[in-house]
file input.cif (mmCIF, C-alpha atoms and all ligand atoms)
data_my_file
loop_
_atom_site.label_atom_id
_atom_site.label_comp_id
_atom_site.auth_asym_id
_atom_site.auth_seq_id
_atom_site.Cartn_x
_atom_site.Cartn_y
_atom_site.Cartn_z
CA MET A 1 -109.19 -85.29 -25.06
CA ASN A 2 -109.92 -84.03 -21.57
CA GLU A 3 -110.14 -86.06 -18.38
CA ARG A 4 -113.52 -84.53 -17.64
CA TYR A 5 -116.56 -83.44 -19.71
CA ASP A 6 -119.99 -82.09 -18.87
CA ILE A 7 -121.64 -84.79 -20.98
CA VAL A 8 -120.25 -88.07 -22.33
CA ILE A 9 -122.14 -89.95 -25.06
CA ILE A 10 -121.31 -93.64 -25.46
CA GLY A 11 -121.68 -94.61 -29.14
CA GLY A 12 -121.31 -92.14 -32.00
CA ALA A 13 -123.32 -93.46 -34.96
CA ILE A 14 -126.54 -91.74 -36.07
CA VAL A 15 -128.29 -91.68 -32.68
CA GLY A 16 -125.25 -90.64 -30.60
CA SER A 17 -124.23 -88.04 -33.18
CA SER A 18 -127.75 -86.60 -33.43
CA ILE A 19 -127.80 -86.23 -29.63
CA ALA A 20 -124.36 -84.56 -29.73
CA TYR A 21 -125.56 -82.19 -32.45
CA PHE A 22 -128.74 -81.14 -30.63
CA LEU A 23 -126.94 -80.79 -27.28
CA THR A 24 -124.46 -78.29 -28.70
CA ARG A 25 -126.74 -76.45 -31.12
CA GLY A 26 -126.90 -72.76 -30.28
CA GLY A 27 -123.80 -72.94 -28.09
CA ARG A 28 -125.46 -74.89 -25.27
CA GLY A 29 -124.45 -78.23 -23.76
CA GLY A 30 -120.99 -77.27 -22.48
CA GLU A 31 -118.11 -79.68 -23.05
CA VAL A 32 -119.46 -82.76 -24.81
CA ALA A 33 -117.51 -85.90 -25.79
CA VAL A 34 -118.66 -88.83 -27.91
CA ILE A 35 -116.81 -92.10 -27.32
CA GLU A 36 -116.88 -94.02 -30.61
CA PRO A 37 -114.30 -96.77 -31.25
CA ASP A 38 -114.76 -97.02 -35.02
CA PRO A 39 -114.63 -93.85 -37.15
CA THR A 40 -115.35 -96.04 -40.22
CA TYR A 41 -118.58 -97.43 -38.65
CA GLU A 42 -117.91 -100.78 -40.28
CA TRP A 43 -120.15 -102.86 -37.98
CA ALA A 44 -122.68 -100.24 -36.84
CA ALA A 45 -126.30 -100.72 -37.90
CA THR A 46 -126.56 -97.23 -39.37
CA PRO A 47 -124.70 -97.64 -42.69
CA ARG A 48 -126.23 -101.11 -43.18
CA SER A 49 -129.81 -99.91 -42.94
CA GLN A 50 -132.41 -99.12 -45.61
CA GLY A 51 -132.78 -95.53 -44.46
CA GLY A 52 -136.59 -95.47 -44.59
CA VAL A 53 -138.47 -92.63 -42.85
CA ARG A 54 -142.18 -93.04 -42.24
CA GLN A 55 -145.22 -91.99 -40.26
CA ILE A 56 -147.18 -95.23 -40.64
CA PHE A 57 -147.25 -96.47 -37.06
CA SER A 58 -149.89 -97.08 -34.40
CA LEU A 59 -148.22 -95.31 -31.45
CA PRO A 60 -148.69 -91.51 -31.57
CA GLU A 61 -145.06 -90.99 -30.48
CA ASN A 62 -143.78 -93.12 -33.37
CA ILE A 63 -145.99 -91.22 -35.82
CA ALA A 64 -144.77 -87.88 -34.44
CA MET A 65 -141.11 -88.92 -34.47
CA GLY A 66 -141.47 -90.07 -38.09
CA ALA A 67 -143.07 -86.74 -39.04
CA TYR A 68 -140.31 -84.84 -37.24
CA GLY A 69 -137.68 -86.95 -39.02
CA LEU A 70 -139.25 -86.29 -42.42
CA GLU A 71 -139.27 -82.55 -41.87
CA PHE A 72 -135.74 -82.53 -40.52
CA TYR A 73 -134.26 -84.73 -43.24
CA SER A 74 -136.07 -82.90 -46.06
CA GLU A 75 -134.09 -79.76 -45.09
CA PHE A 76 -130.93 -81.53 -43.95
CA GLU A 77 -128.76 -80.73 -46.98
CA GLU A 78 -129.01 -76.98 -46.41
CA SER A 79 -129.86 -76.67 -42.71
CA MET A 80 -126.87 -78.84 -41.71
CA ALA A 81 -124.42 -77.09 -44.06
CA VAL A 82 -121.03 -76.58 -42.45
CA ASP A 83 -119.16 -73.38 -43.40
CA GLY A 84 -121.53 -72.99 -46.34
CA GLU A 85 -120.89 -76.53 -47.59
CA PRO A 86 -124.18 -78.43 -48.04
CA GLN A 87 -124.52 -81.98 -46.71
CA PRO A 88 -126.50 -84.01 -49.27
CA ILE A 89 -128.22 -87.15 -47.95
CA SER A 90 -130.12 -88.27 -51.10
CA PHE A 91 -133.47 -87.65 -49.40
CA ASN A 92 -136.15 -89.15 -51.63
CA ARG A 93 -139.83 -88.63 -50.89
CA GLY A 94 -140.75 -91.82 -52.72
CA GLY A 95 -143.51 -92.77 -50.27
CA TYR A 96 -144.23 -95.85 -48.16
CA LEU A 97 -146.76 -98.59 -48.79
CA PHE A 98 -147.89 -101.00 -46.09
CA VAL A 99 -149.53 -104.11 -47.51
CA SER A 100 -151.93 -106.37 -45.62
CA ASP A 101 -151.31 -109.88 -46.93
CA ASN A 102 -151.50 -111.97 -43.78
CA GLY A 103 -154.83 -111.37 -42.06
CA GLY A 104 -154.02 -108.11 -40.29
CA HIS A 105 -156.20 -105.78 -42.36
CA GLU A 106 -158.45 -104.76 -39.45
CA ASP A 107 -155.42 -103.65 -37.43
CA MET A 108 -154.03 -101.88 -40.47
CA GLU A 109 -157.27 -100.00 -41.01
CA ARG A 110 -157.46 -99.04 -37.33
CA ASN A 111 -153.87 -97.79 -37.44
CA TYR A 112 -154.67 -95.82 -40.59
CA HIS A 113 -157.32 -93.87 -38.61
CA THR A 114 -154.82 -93.25 -35.79
CA GLN A 115 -152.31 -91.98 -38.35
CA ARG A 116 -154.88 -89.62 -39.86
CA ASP A 117 -155.95 -88.43 -36.40
CA ASN A 118 -152.31 -87.64 -35.72
CA GLY A 119 -151.89 -85.55 -38.85
CA ALA A 120 -150.31 -88.03 -41.28
CA ASN A 121 -151.21 -87.75 -44.96
CA VAL A 122 -152.16 -91.39 -45.59
CA GLU A 123 -154.62 -93.10 -47.91
CA LEU A 124 -156.35 -96.44 -47.57
CA LEU A 125 -156.32 -98.58 -50.72
CA ASP A 126 -158.53 -101.64 -51.17
CA ALA A 127 -157.16 -104.53 -53.25
CA ALA A 128 -158.50 -103.15 -56.54
CA ALA A 129 -157.26 -99.60 -55.92
CA LEU A 130 -153.90 -100.94 -54.83
CA ARG A 131 -153.44 -103.04 -58.00
CA ASP A 132 -154.58 -100.09 -60.07
CA ARG A 133 -151.99 -97.79 -58.50
CA PHE A 134 -149.17 -100.36 -58.30
CA PRO A 135 -149.88 -102.94 -61.02
CA SER A 136 -146.75 -104.97 -60.31
CA ILE A 137 -148.29 -106.05 -56.95
CA GLN A 138 -150.40 -109.05 -57.89
CA SER A 139 -150.57 -111.43 -54.93
CA GLU A 140 -154.10 -112.69 -54.24
CA ASP A 141 -153.25 -112.48 -50.52
CA VAL A 142 -153.17 -108.67 -50.66
CA VAL A 143 -156.46 -107.27 -49.36
CA LEU A 144 -155.57 -103.75 -48.21
CA GLY A 145 -152.82 -101.17 -48.33
CA VAL A 146 -151.92 -97.90 -46.63
CA HIS A 147 -150.00 -95.49 -48.82
CA SER A 148 -148.11 -92.59 -47.29
CA PRO A 149 -146.86 -90.40 -50.14
CA ASP A 150 -144.94 -87.93 -47.93
CA ASP A 151 -142.68 -90.64 -46.50
CA GLY A 152 -139.41 -91.71 -48.09
CA TRP A 153 -135.82 -92.76 -47.59
CA LEU A 154 -132.30 -91.39 -47.54
CA ASP A 155 -128.65 -92.36 -47.43
CA PRO A 156 -128.18 -93.27 -43.74
CA TYR A 157 -124.37 -93.14 -43.86
CA ALA A 158 -124.48 -89.60 -45.27
CA ALA A 159 -126.98 -88.51 -42.59
CA MET A 160 -124.84 -90.00 -39.80
CA MET A 161 -121.70 -88.31 -41.11
CA GLY A 162 -123.68 -85.07 -41.49
CA PHE A 163 -124.69 -85.12 -37.82
CA ARG A 164 -121.13 -85.99 -36.84
CA LYS A 165 -119.60 -83.21 -38.93
CA CYS A 166 -122.02 -80.61 -37.51
CA ALA A 167 -121.48 -81.83 -33.96
CA ARG A 168 -117.70 -81.55 -34.35
CA HIS A 169 -118.11 -78.12 -35.90
CA GLN A 170 -120.08 -77.10 -32.81
CA GLY A 171 -117.18 -78.20 -30.57
CA VAL A 172 -118.02 -81.83 -29.73
CA THR A 173 -114.95 -84.03 -29.19
CA TYR A 174 -115.05 -87.51 -30.79
CA VAL A 175 -112.79 -89.89 -28.89
CA ALA A 176 -111.76 -92.90 -31.01
CA ASP A 177 -111.74 -95.42 -28.18
CA LYS A 178 -113.93 -98.08 -26.67
CA VAL A 179 -115.72 -97.98 -23.32
CA VAL A 180 -114.62 -101.05 -21.31
CA GLY A 181 -115.59 -99.93 -17.81
CA TRP A 182 -118.30 -97.69 -16.36
CA GLU A 183 -118.54 -96.81 -12.68
CA GLY A 184 -120.68 -94.84 -10.31
CA ASP A 185 -121.02 -94.08 -6.64
CA GLY A 186 -123.59 -92.39 -4.47
CA GLY A 187 -126.36 -93.19 -6.94
CA LEU A 188 -124.71 -91.36 -9.84
CA ALA A 189 -122.57 -92.56 -12.73
CA ARG A 190 -119.12 -90.98 -12.46
CA ARG A 191 -116.64 -92.24 -15.03
CA VAL A 192 -115.92 -94.47 -17.98
CA THR A 193 -112.70 -96.39 -18.54
CA LEU A 194 -111.54 -96.73 -22.14
CA GLU A 195 -109.64 -99.55 -23.82
CA SER A 196 -106.55 -97.34 -24.01
CA GLY A 197 -106.57 -97.11 -20.20
CA ALA A 198 -107.80 -93.50 -20.18
CA VAL A 199 -110.48 -92.58 -17.66
CA ILE A 200 -113.08 -89.88 -18.43
CA GLU A 201 -115.35 -88.34 -15.81
CA ALA A 202 -118.62 -86.55 -16.58
CA ASP A 203 -121.68 -85.00 -14.93
CA THR A 204 -124.07 -86.68 -17.36
CA PHE A 205 -123.85 -89.80 -19.53
CA VAL A 206 -125.90 -90.92 -22.54
CA LEU A 207 -125.92 -94.55 -23.65
CA ALA A 208 -126.51 -94.65 -27.42
CA ALA A 209 -124.57 -97.71 -28.55
CA GLY A 210 -127.21 -99.48 -30.64
CA ALA A 211 -127.16 -103.25 -30.30
CA TRP A 212 -124.12 -103.00 -27.98
CA SER A 213 -126.17 -101.03 -25.42
CA GLY A 214 -127.23 -104.10 -23.44
CA GLU A 215 -123.67 -105.25 -22.82
CA LEU A 216 -122.48 -101.70 -22.08
CA GLY A 217 -125.31 -101.15 -19.62
CA GLU A 218 -124.26 -104.31 -17.78
CA LEU A 219 -120.91 -102.63 -16.98
CA ILE A 220 -122.73 -100.34 -14.55
CA GLY A 221 -125.37 -102.83 -13.45
CA PHE A 222 -128.22 -101.92 -15.81
CA GLU A 223 -130.57 -104.59 -17.06
CA LEU A 224 -131.55 -103.33 -20.48
CA PRO A 225 -133.77 -105.68 -22.52
CA VAL A 226 -131.80 -104.90 -25.68
CA GLU A 227 -130.02 -107.51 -27.77
CA PRO A 228 -128.58 -107.75 -31.29
CA LEU A 229 -130.70 -109.42 -33.96
CA SER A 230 -128.96 -110.11 -37.26
CA ARG A 231 -130.80 -109.40 -40.53
CA ASP A 232 -129.75 -110.21 -44.08
CA CYS A 233 -130.11 -107.52 -46.76
CA TYR A 234 -130.02 -107.93 -50.52
CA HIS A 235 -129.36 -105.65 -53.47
CA PHE A 236 -130.85 -106.95 -56.70
CA LYS A 237 -132.02 -106.00 -60.17
CA CYS A 238 -135.31 -106.78 -61.84
CA GLU A 239 -135.22 -107.55 -65.56
CA GLN A 240 -138.55 -105.85 -66.23
CA GLU A 241 -139.22 -102.13 -66.09
CA LEU A 242 -141.65 -101.44 -63.20
CA GLU A 243 -143.83 -98.46 -62.29
CA PRO A 244 -142.28 -96.05 -59.74
CA LEU A 245 -142.55 -97.90 -56.43
CA PRO A 246 -142.55 -96.63 -52.84
CA LEU A 247 -140.80 -98.41 -49.97
CA ILE A 248 -143.04 -101.46 -49.51
CA LYS A 249 -143.47 -103.38 -46.26
CA THR A 250 -145.76 -106.37 -45.93
CA GLU A 251 -147.30 -108.26 -43.02
CA LYS A 252 -145.20 -111.21 -44.14
CA ASP A 253 -142.23 -109.02 -43.06
CA LEU A 254 -140.87 -108.28 -46.50
CA GLY A 255 -139.37 -104.83 -46.99
CA ILE A 256 -138.07 -103.51 -50.33
CA ARG A 257 -137.30 -100.15 -51.81
CA PRO A 258 -136.02 -98.78 -55.10
CA GLU A 259 -132.32 -98.00 -55.45
CA PRO A 260 -130.80 -95.93 -58.27
CA ASP A 261 -129.69 -99.21 -59.88
CA GLY A 262 -132.31 -101.76 -58.83
CA PHE A 263 -133.81 -102.55 -55.42
CA SER A 264 -132.70 -103.35 -51.88
CA GLY A 265 -134.63 -105.39 -49.40
CA GLY A 266 -134.78 -108.17 -46.89
CA LEU A 267 -136.76 -109.63 -44.03
CA PRO A 268 -135.89 -110.83 -40.55
CA ASP A 269 -135.29 -114.55 -40.16
CA TRP A 270 -137.25 -115.20 -36.95
CA ARG A 271 -135.79 -118.71 -36.62
CA ARG A 272 -132.50 -117.09 -35.68
CA GLY A 273 -132.13 -116.25 -32.04
CA PRO A 274 -130.55 -113.06 -30.79
CA GLY A 275 -126.80 -112.60 -31.16
CA TRP A 276 -124.16 -111.25 -33.50
CA SER A 277 -123.80 -112.80 -36.93
CA PHE A 278 -122.12 -111.20 -39.91
CA ASN A 279 -122.47 -114.36 -41.98
CA GLU A 280 -125.22 -115.03 -44.48
CA VAL A 281 -127.59 -117.83 -43.53
CA GLY A 282 -127.25 -120.23 -46.45
CA GLY A 283 -130.40 -120.72 -48.51
CA PHE A 284 -132.49 -117.95 -46.92
CA PHE A 285 -132.50 -115.80 -50.04
CA GLU A 286 -133.46 -118.65 -52.38
CA GLU A 287 -135.86 -120.43 -50.04
CA THR A 288 -137.59 -117.57 -48.25
CA PHE A 289 -136.94 -114.02 -49.47
CA TRP A 290 -137.10 -114.53 -53.24
CA PRO A 291 -140.24 -116.74 -53.27
CA LEU A 292 -142.07 -114.26 -51.01
CA LEU A 293 -141.05 -111.36 -53.23
CA ALA A 294 -142.05 -113.16 -56.44
CA GLU A 295 -145.39 -114.12 -54.88
CA LEU A 296 -146.07 -110.46 -54.10
CA MET A 297 -144.72 -109.14 -57.40
CA PRO A 298 -144.29 -111.78 -60.13
CA ALA A 299 -141.98 -109.46 -62.10
CA PHE A 300 -139.29 -110.50 -59.61
CA GLU A 301 -139.45 -114.15 -60.68
CA THR A 302 -136.41 -113.16 -62.70
CA LEU A 303 -133.88 -111.09 -60.85
CA LYS A 304 -130.14 -110.66 -60.52
CA LEU A 305 -128.70 -110.68 -57.01
CA LEU A 306 -125.91 -108.07 -56.83
CA ASN A 307 -124.91 -108.00 -53.19
CA THR A 308 -125.73 -109.38 -49.73
CA TRP A 309 -124.88 -107.98 -46.31
CA GLN A 310 -125.89 -108.25 -42.65
CA GLY A 311 -126.90 -105.61 -40.13
CA HIS A 312 -128.13 -105.84 -36.56
CA TYR A 313 -131.31 -104.51 -35.03
CA ALA A 314 -130.98 -103.34 -31.43
CA ARG A 315 -134.05 -105.31 -30.46
CA ASN A 316 -135.92 -104.47 -27.28
CA HIS A 317 -137.35 -107.88 -26.44
CA PHE A 318 -139.57 -106.37 -23.70
CA ASP A 319 -141.99 -104.58 -26.09
CA LEU A 320 -140.04 -103.88 -29.32
CA THR A 321 -140.37 -100.09 -28.83
CA ALA A 322 -137.34 -97.81 -28.51
CA ILE A 323 -136.20 -96.83 -25.01
CA ILE A 324 -135.59 -93.08 -24.86
CA GLY A 325 -135.12 -91.09 -21.66
CA PRO A 326 -133.59 -91.11 -18.20
CA TRP A 327 -132.46 -94.27 -16.48
CA SER A 328 -134.66 -94.88 -13.47
CA GLY A 329 -133.91 -96.36 -10.09
CA GLY A 330 -130.48 -94.88 -9.40
CA MET A 331 -127.84 -93.42 -11.72
CA GLU A 332 -130.24 -90.63 -12.62
CA ASN A 333 -127.53 -88.75 -14.50
CA VAL A 334 -127.69 -91.45 -17.21
CA TYR A 335 -129.95 -91.23 -20.27
CA VAL A 336 -130.56 -94.06 -22.72
CA ALA A 337 -131.47 -94.00 -26.40
CA THR A 338 -131.57 -97.51 -27.81
CA GLY A 339 -133.75 -100.48 -28.81
CA TYR A 340 -134.89 -98.99 -32.14
CA SER A 341 -135.16 -102.25 -34.13
CA GLY A 342 -135.72 -100.93 -37.69
CA HIS A 343 -136.51 -97.30 -36.78
CA GLY A 344 -133.32 -95.64 -35.58
CA ILE A 345 -132.65 -93.62 -38.73
CA MET A 346 -136.12 -92.09 -38.85
CA GLN A 347 -136.18 -91.53 -35.07
CA ALA A 348 -132.65 -90.14 -34.68
CA PRO A 349 -133.54 -86.45 -35.18
CA ALA A 350 -136.45 -86.54 -32.70
CA THR A 351 -134.35 -88.54 -30.24
CA GLY A 352 -131.46 -86.07 -30.42
CA ARG A 353 -133.78 -83.19 -29.78
CA ALA A 354 -135.65 -84.97 -26.97
CA ILE A 355 -132.53 -86.06 -25.06
CA ALA A 356 -131.05 -82.55 -25.41
CA GLU A 357 -134.27 -81.07 -24.00
CA LEU A 358 -134.27 -83.50 -21.08
CA ILE A 359 -130.68 -82.67 -20.19
CA LEU A 360 -130.61 -78.93 -20.91
CA ASP A 361 -134.21 -77.87 -20.20
CA GLY A 362 -135.15 -80.46 -17.60
CA GLY A 363 -138.06 -81.88 -19.60
CA PHE A 364 -139.51 -82.53 -23.05
CA GLN A 365 -140.31 -79.33 -24.97
CA THR A 366 -141.08 -80.47 -28.51
CA LEU A 367 -142.44 -84.04 -28.35
CA ASP A 368 -143.53 -85.69 -25.13
CA LEU A 369 -141.77 -89.06 -25.18
CA THR A 370 -142.51 -89.97 -21.56
CA ASN A 371 -144.17 -93.23 -22.65
CA MET A 372 -140.94 -94.31 -24.35
CA GLY A 373 -138.91 -94.07 -21.13
CA TYR A 374 -137.15 -96.93 -19.39
CA ALA A 375 -139.50 -96.70 -16.39
CA ARG A 376 -142.04 -98.86 -18.24
CA VAL A 377 -139.67 -101.86 -18.11
CA PRO A 378 -139.39 -102.31 -14.30
CA ALA A 379 -143.09 -101.31 -14.05
CA ASN A 380 -143.85 -104.14 -16.49
CA LYS A 381 -146.00 -101.87 -18.67
CA PRO A 382 -145.17 -102.70 -22.29
CA TYR A 383 -145.79 -99.91 -24.81
CA ARG A 384 -146.05 -101.87 -28.00
CA GLU A 385 -146.41 -100.80 -31.60
CA GLN A 386 -149.41 -102.52 -33.24
CA GLY A 387 -148.41 -101.94 -36.86
CA ILE A 388 -145.81 -103.70 -38.99
CA ILE A 389 -142.44 -103.15 -37.38
C1 LIG A 401 -131.01 -104.29 -42.23
C2 LIG A 401 -131.49 -103.09 -41.49
C3 LIG A 401 -132.42 -102.23 -42.09
C4 LIG A 401 -132.86 -101.10 -41.40
N1 LIG A 401 -133.73 -100.23 -41.99
C5 LIG A 401 -134.12 -99.11 -41.35
C6 LIG A 401 -134.98 -98.16 -41.98
O1 LIG A 401 -135.40 -98.34 -43.11
N2 LIG A 401 -135.30 -97.03 -41.29
C7 LIG A 401 -134.85 -96.80 -40.01
O2 LIG A 401 -135.20 -95.77 -39.42
N3 LIG A 401 -134.03 -97.68 -39.38
C8 LIG A 401 -133.66 -98.83 -40.04
N4 LIG A 401 -132.84 -99.71 -39.41
C9 LIG A 401 -132.47 -99.48 -38.02
C10 LIG A 401 -131.34 -98.47 -37.91
O3 LIG A 401 -130.28 -98.83 -38.77
C11 LIG A 401 -130.86 -98.44 -36.46
O4 LIG A 401 -131.95 -98.34 -35.58
C12 LIG A 401 -129.92 -97.24 -36.24
O5 LIG A 401 -128.88 -97.27 -37.17
C13 LIG A 401 -129.39 -97.29 -34.83
O6 LIG A 401 -128.40 -96.30 -34.71
P1 LIG A 401 -127.49 -96.27 -33.41
O7 LIG A 401 -126.63 -95.07 -33.52
O8 LIG A 401 -128.37 -96.42 -32.22
O9 LIG A 401 -126.67 -97.64 -33.47
P2 LIG A 401 -125.48 -98.14 -34.40
O10 LIG A 401 -125.55 -97.54 -35.76
O11 LIG A 401 -125.45 -99.63 -34.33
O12 LIG A 401 -124.22 -97.55 -33.69
C14 LIG A 401 -123.82 -97.97 -32.41
C15 LIG A 401 -122.40 -97.44 -32.19
O13 LIG A 401 -121.96 -97.81 -30.88
C16 LIG A 401 -120.57 -98.02 -30.98
N5 LIG A 401 -120.05 -98.84 -29.85
C17 LIG A 401 -120.12 -100.19 -29.73
N6 LIG A 401 -119.47 -100.59 -28.63
C18 LIG A 401 -118.99 -99.47 -28.03
C19 LIG A 401 -118.22 -99.24 -26.85
N7 LIG A 401 -117.80 -100.26 -26.07
N8 LIG A 401 -117.89 -97.96 -26.55
C20 LIG A 401 -118.31 -96.92 -27.31
N9 LIG A 401 -119.05 -97.10 -28.45
C21 LIG A 401 -119.38 -98.36 -28.80
C22 LIG A 401 -120.40 -98.75 -32.31
O14 LIG A 401 -119.06 -98.67 -32.80
C23 LIG A 401 -121.41 -98.04 -33.19
O15 LIG A 401 -120.83 -97.02 -33.98
C24 LIG A 401 -132.38 -100.85 -40.09
C25 LIG A 401 -131.45 -101.71 -39.50
C26 LIG A 401 -131.01 -102.82 -40.18
C27 LIG A 401 -130.02 -103.72 -39.52
#

call {"tool": "encode", "arguments": {"input": "input.cif", "output": "structure tokens"}}
result
Amino acid sequence: MNERYDIVIIGGAIVGSSIAYFLTRGGRGGEVAVIEPDPTYEWAATPRSQGGVRQIFSLPENIAMGAYGLEFYSEFEESMAVDGEPQPISFNRGGYLFVSDNGGHEDMERNYHTQRDNGANVELLDAAALRDRFPSIQSEDVVLGVHSPDDGWLDPYAAMMGFRKCARHQGVTYVADKVVGWEGDGGLARRVTLESGAVIEADTFVLAAGAWSGELGELIGFELPVEPLSRDCYHFKCEQELEPLPLIKTEKDLGIRPEPDGFSGGLPDWRRGPGWSFNEVGGFFEETFWPLLAELMPAFETLKLLNTWQGHYARNHFDLTAIIGPWSGGMENVYVATGYSGHGIMQAPATGRAIAELILDGGFQTLDLTNMGYARVPANKPYREQGII
């Protein structure tokens, strides 16, 4: 570990590691360090996520980032090989299905046209066509669906470790320590202090610490509208054999996808406020998740619950859209990449590329993510996704 780097990234899960990878690809980026306290990533959102990658959004930037993620992840195993060793991530183009079951069909149809206009291969299914294609979906509340057959899912832990391995191979230093202090002077951030007492200086800093980003930003006086929101996840088996299913998300907030040995899924419990919680909320599975699932697909009236866990969204309570780009209003050598709610896996490749372009090329080259920047927060101009999030 040096006392000084060109670029320091705070947080080294999938977003921080993707940024580190893109910064050092092709020998650019100089001396880059990632400060990540937990090499096992026990509490990070990344390994606890469902790993879905989709283009079904309303904001053109979200659609484009999903498309970029799909292309990147579909080639990941070979393109991210290290010394000839492939990096499998179990990429599965199983498709996505959005289901309108709560009165939002007009929005869903409008978003479908936006998705098509932005190049996504999506199809609109009325209730009859939807039941024909996916006979296990039987709820009378379902009036419309959007199916995106090119979308899919992957193993998020494998993708994160793949980015990390490539970044290290390209010369990035991972420092297993925790940022406890962050200081600047003269309008620029200058140094971080680590739990061990070490101090690291840098020309440029990137804050990519997921749901911890709000509290880390506070160290240097930033007001980031990002807070942790705990979500339960379940792994379960269905007794009946079902048709091949895509990753399904409903307006009632249910999300499930096939696993090699059953299904995983969950939904946010909006009664819970923000904050950290790694404990299951008693009764939520039996009283809320399971009845909703069985209402949508009666085959799940009988199921076997195998496992339960919690993960945290980094929730941007200002407009629920990720914040990607330079800090504004002082400390202009700081970039932020956080507030992804349930989209950080699919948006990590595009984010890594975009932040690397901002820092190394002075502006976006591939996707223009200006609208996602922090500047919209002090300007009070929310940029809000209109589809299911
Ligand atoms: C249940 C669930 C399902 C999800 N499903 C999907 C999905 O299907 N598709 C999708 O795209 N996204 C999904 N997500 C969202 C996705 O998991 C996150 O957006 C993504 O993992 C965020 O990655 P990250 O690197 O920003 O944050 P994290 O993975 O949370 O990593 C943050 C890192 O910061 C580090 N850190 C913390 N404090 C400090 C400190 N003081 N100093 C230095 N480092 C620090 C932590 O150790 C951690 O490793 C889901 C999330 C959850 C919870």

call {"tool": "residues_near_ligand", "arguments": {"input": "input.cif", "ligand": "ligand LIG 401 (chain A)", "cutoff": "6 Å", "atoms": "all atoms listed in the file", "output": "ChimeraX atom specification"}}
result
/A:10-16,35-38,41,44-46,48-53,178-180,208-212,231,233,311-313,338,340-346

call {"tool": "atom_distance", "arguments": {"input": "input.cif", "atom1": "atom CA of A:Ser139", "atom2": "atom CA of A:Asp101"}}
result
8.2 Å

call {"tool": "atom_distance", "arguments": {"input": "input.cif", "atom1": "atom CA of A:Gly363", "atom2": "atom CA of A:Asn118"}}
result
22.3 Å

call {"tool": "atom_distance", "arguments": {"input": "input.cif", "atom1": "atom CA of A:Val34", "atom2": "atom CA of A:Tyr335"}}
result
13.8 Å

call {"tool": "closest_residue", "arguments": {"input": "input.cif", "among": "A:Leu292, A:Val32, A:Leu125, A:Leu306", "to": "A:Tyr112", "atoms": "all atoms listed in the file"}}
result
A:Leu125

call {"tool": "residues_around", "arguments": {"input": "input.cif", "residues": "A:Val281", "least_positions_apart": "4", "cutoff": "10 Å", "atoms": "only C-alpha atoms", "output": "list in words"}}
result
Arg231, Asp232, Asp269, Arg272, Ser277, Phe285 and Gln310 of chain A

call {"tool": "write_last_selection", "arguments": {"input": "input.cif", "atoms": "C-alpha atoms", "output": "CSV table (one decimal), keeping the file's coordinate frame"}}
result
chain,number,residue,atom,x,y,z
A,231,ARG,CA,-130.8,-109.4,-40.5
A,232,ASP,CA,-129.8,-110.2,-44.1
A,269,ASP,CA,-135.3,-114.6,-40.2
A,272,ARG,CA,-132.5,-117.1,-35.7
A,277,SER,CA,-123.8,-112.8,-36.9
A,285,PHE,CA,-132.5,-115.8,-50.0
A,310,GLN,CA,-125.9,-108.2,-42.6

call {"tool": "closest_residue", "arguments": {"input": "input.cif", "among": "A:Gln115, A:Gln138, A:Gln347, A:Ser18", "to": "A:Ala299", "atoms": "only C-alpha atoms"}}
result
A:Gln138

call {"tool": "residues_near_point", "arguments": {"input": "input.cif", "point": "(-155.8, -98.4, -40.0)", "cutoff": "10 Å", "atoms": "only C-alpha atoms", "output": "list in words"}}
result
Ile56, Phe57, Ser58, Gly104, His105, Glu106, Asp107, Met108, Glu109, Arg110, Asn111, Tyr112, His113, Thr114, Gln115, Arg116, Val122, Glu123, Leu124, Leu144, Gly145, Val146 and Gly387 of chain A

call {"tool": "write_last_selection", "arguments": {"input": "input.cif", "atoms": "C-alpha atoms", "output": "JSON list (two decimals), keeping the file's coordinate frame"}}
result
[["chain", "number", "residue", "atom", "x", "y", "z"],
["A", 56, "ILE", "CA", -147.18, -95.23, -40.64],
["A", 57, "PHE", "CA", -147.25, -96.47, -37.06],
["A", 58, "SER", "CA", -149.89, -97.08, -34.40],
["A", 104, "GLY", "CA", -154.02, -108.11, -40.29],
["A", 105, "HIS", "CA", -156.20, -105.78, -42.36],
["A", 106, "GLU", "CA", -158.45, -104.76, -39.45],
["A", 107, "ASP", "CA", -155.42, -103.65, -37.43],
["A", 108, "MET", "CA", -154.03, -101.88, -40.47],
["A", 109, "GLU", "CA", -157.27, -100.00, -41.01],
["A", 110, "ARG", "CA", -157.46, -99.04, -37.33],
["A", 111, "ASN", "CA", -153.87, -97.79, -37.44],
["A", 112, "TYR", "CA", -154.67, -95.82, -40.59],
["A", 113, "HIS", "CA", -157.32, -93.87, -38.61],
["A", 114, "THR", "CA", -154.82, -93.25, -35.79],
["A", 115, "GLN", "CA", -152.31, -91.98, -38.35],
["A", 116, "ARG", "CA", -154.88, -89.62, -39.86],
["A", 122, "VAL", "CA", -152.16, -91.39, -45.59],
["A", 123, "GLU", "CA", -154.62, -93.10, -47.91],
["A", 124, "LEU", "CA", -156.35, -96.44, -47.57],
["A", 144, "LEU", "CA", -155.57, -103.75, -48.21],
["A", 145, "GLY", "CA", -152.82, -101.17, -48.33],
["A", 146, "VAL", "CA", -151.92, -97.90, -46.63],
["A", 387, "GLY", "CA", -148.41, -101.94, -36.86]]

call {"tool": "closest_residue", "arguments": {"input": "input.cif", "among": "A:Glu227, A:Glu357, A:Glu42, A:Asp185", "to": "A:Pro326", "atoms": "all atoms listed in the file"}}
result
A:Glu357
